[in-house]
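Engineer: Structure in structure tokens, see below.
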Amino acid sequence: MERGNGNGPDYVEQSGEFRSFRNKRNDWMIDRQVQRHETFTGIDGVNTQDRAVQEGMGPIVDRSMEHLGPADRAIIATRRLLLDAVKTVQAGGSPPGVETSYYSARAIEKIFPRHDTWRQTVLPEMYAEELPVAAK
């Protein structure tokens with residue numbers, strides 16, 4: 001099942017540490033011939049490609065020169081939420097999303113009439129079944 005995705009015994013040390021043989025030190029074993037003629041990355045295994053993208057940018061990215069536009073609204077909103085959560089925790093509070101009120105929420109996918117709002121259509125199904133919250 002793991003063959004070809006970058007996590008099987010041909011890709012990862014099996015000593016219990018789960019370290020990838022293909023890593024930043026060896027340039028993720030990029031095969032330049034494969035890159036020229038077969039795949040965009042030349043890196044074998046989807047998960048290895050993911051690790052290369054994540055590790056390749058380094059631990060810190062300077063975003064001071066970044067210019068986000070209208071298509072980046074989700075990024076902007078997420079960063080604001082994260083910064084607000086950090087400030088809340090620093091002030092001694094609990095960040096949004098950790099309360100038990102979210103435990104019974106369920107994902108819903110639905111097509112509904114244009115005149116209906118998502119709240120009136122989806123919310124009743126998202127919280128249709130109240131599940132007991134396990135004691136901590």
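Chain identifiers are assigned as A, B, and so on, following the order in which chains appear in the structure tokens; residues are numbered from 1 within each chain, and ligands are numbered from 1 in order of appearance.
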Can you check which residues of chain A DSSP gives as helix (DSSP H, G or I) on the backbone and send them as a ChimeraX atom specification?
Structural biologist: /A:24-29,32-37,46-56,70-90,100-102,118-126
Engineer: Suppose we keep C-alpha atoms; can you now write the selection as a short mmCIF file (atom, residue, chain, number, x, y, z; two decimals), in the first residue's frame?
Structural biologist:
data_model
loop_
_atom_site.label_atom_id
_atom_site.label_comp_id
_atom_site.auth_asym_id
_atom_site.auth_seq_id
_atom_site.Cartn_x
_atom_site.Cartn_y
_atom_site.Cartn_z
CA LYS A 24 17.43 17.84 2.44
CA ARG A 25 21.00 16.58 2.99
CA ASN A 26 20.91 14.57 -0.24
CA ASP A 27 18.58 16.93 -2.16
CA TRP A 28 15.74 14.39 -1.76
CA MET A 29 17.59 12.17 -4.27
CA ARG A 32 17.46 14.99 -13.04
CA GLN A 33 16.82 12.62 -15.97
CA VAL A 34 13.41 11.75 -14.55
CA GLN A 35 12.82 15.46 -13.97
CA ARG A 36 13.68 16.28 -17.59
CA HIS A 37 11.60 13.55 -19.17
CA VAL A 46 4.35 11.94 -3.34
CA ASN A 47 5.09 12.24 0.38
CA THR A 48 8.78 12.77 -0.36
CA GLN A 49 7.80 15.57 -2.74
CA ASP A 50 5.66 17.11 0.00
CA ARG A 51 8.55 16.96 2.48
CA ALA A 52 10.86 18.56 -0.08
CA VAL A 53 8.48 21.48 -0.59
CA GLN A 54 8.01 21.98 3.15
CA GLU A 55 11.65 21.59 4.16
CA GLY A 56 13.04 23.39 1.13
CA PRO A 70 -8.07 39.56 -3.33
CA ALA A 71 -7.47 35.91 -4.19
CA ASP A 72 -5.56 35.53 -0.91
CA ARG A 73 -8.49 36.37 1.38
CA ALA A 74 -8.40 32.95 3.04
CA ILE A 75 -4.70 33.37 3.85
CA ILE A 76 -5.30 36.85 5.26
CA ALA A 77 -8.24 35.67 7.39
CA THR A 78 -6.33 32.65 8.67
CA ARG A 79 -3.32 34.72 9.67
CA ARG A 80 -5.57 37.19 11.52
CA LEU A 81 -7.29 34.33 13.36
CA LEU A 82 -3.94 32.82 14.32
CA LEU A 83 -2.55 36.16 15.53
CA ASP A 84 -5.72 36.81 17.56
CA ALA A 85 -5.46 33.31 19.06
CA VAL A 86 -1.84 33.95 20.07
CA LYS A 87 -2.79 37.25 21.71
CA THR A 88 -5.68 35.54 23.55
CA VAL A 89 -3.40 32.82 24.93
CA GLN A 90 -0.74 35.37 25.89
CA THR A 100 -16.38 21.43 23.71
CA SER A 101 -19.18 23.17 21.77
CA TYR A 102 -17.42 22.14 18.53
CA TRP A 118 -26.15 28.61 4.43
CA ARG A 119 -26.92 29.14 8.10
CA GLN A 120 -30.60 28.21 7.82
CA THR A 121 -29.86 25.29 5.51
CA VAL A 122 -26.67 23.74 6.85
CA LEU A 123 -26.45 24.55 10.56
CA PRO A 124 -29.38 22.30 11.60
CA GLU A 125 -27.67 19.34 9.92
CA MET A 126 -24.21 20.21 11.26
#
Engineer: Between atom CA of Asp44 of chain A and atom CA of Ile60 of chain A, what is the distance in Å, rounded to a tenth?
Structural biologist: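 Between atom CA of Asp44 of chain A and atom CA of Ile60 of chain A the gap is 25.9 Å.
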Engineer: Between atom CA of Ile30 of chain A and atom CA of Phe18 of chain A, what is the spacing in Å?
Structural biologist: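 Spanning atom CA of Phe18 of chain A to atom CA of Ile30 of chain A is a straight-line distance of 20.0 Å.
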Engineer: Compile the contact shell of Phe21 of chain A as a list in words: residues with an atom at most 7 Å away, counting only C-alpha atoms, same-chain residues fewer than 3 positions apart removed.
Structural biologist: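 Final neighbour list, sorted by chain and number: Tyr11, Val12 and Glu13 of chain A.
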Engineer: Those same residues - C-alpha atoms - I'd like them written as a PDB file, in the first residue's frame.
Structural biologist:
ATOM      1  CA  TYR A  11      11.707   5.360   1.350  1.00  0.00           C
ATOM      2  CA  VAL A  12      11.785   5.469   5.146  1.00  0.00           C
ATOM      3  CA  GLU A  13      14.150   4.088   7.764  1.00  0.00           C
TER       4      GLU A  13
END
Engineer: Using Å and a single decimal, report how far atom CA of Gln14 of chain A sits from atom CA of Asp31 of chain A.
Structural biologist: 23.3 Å
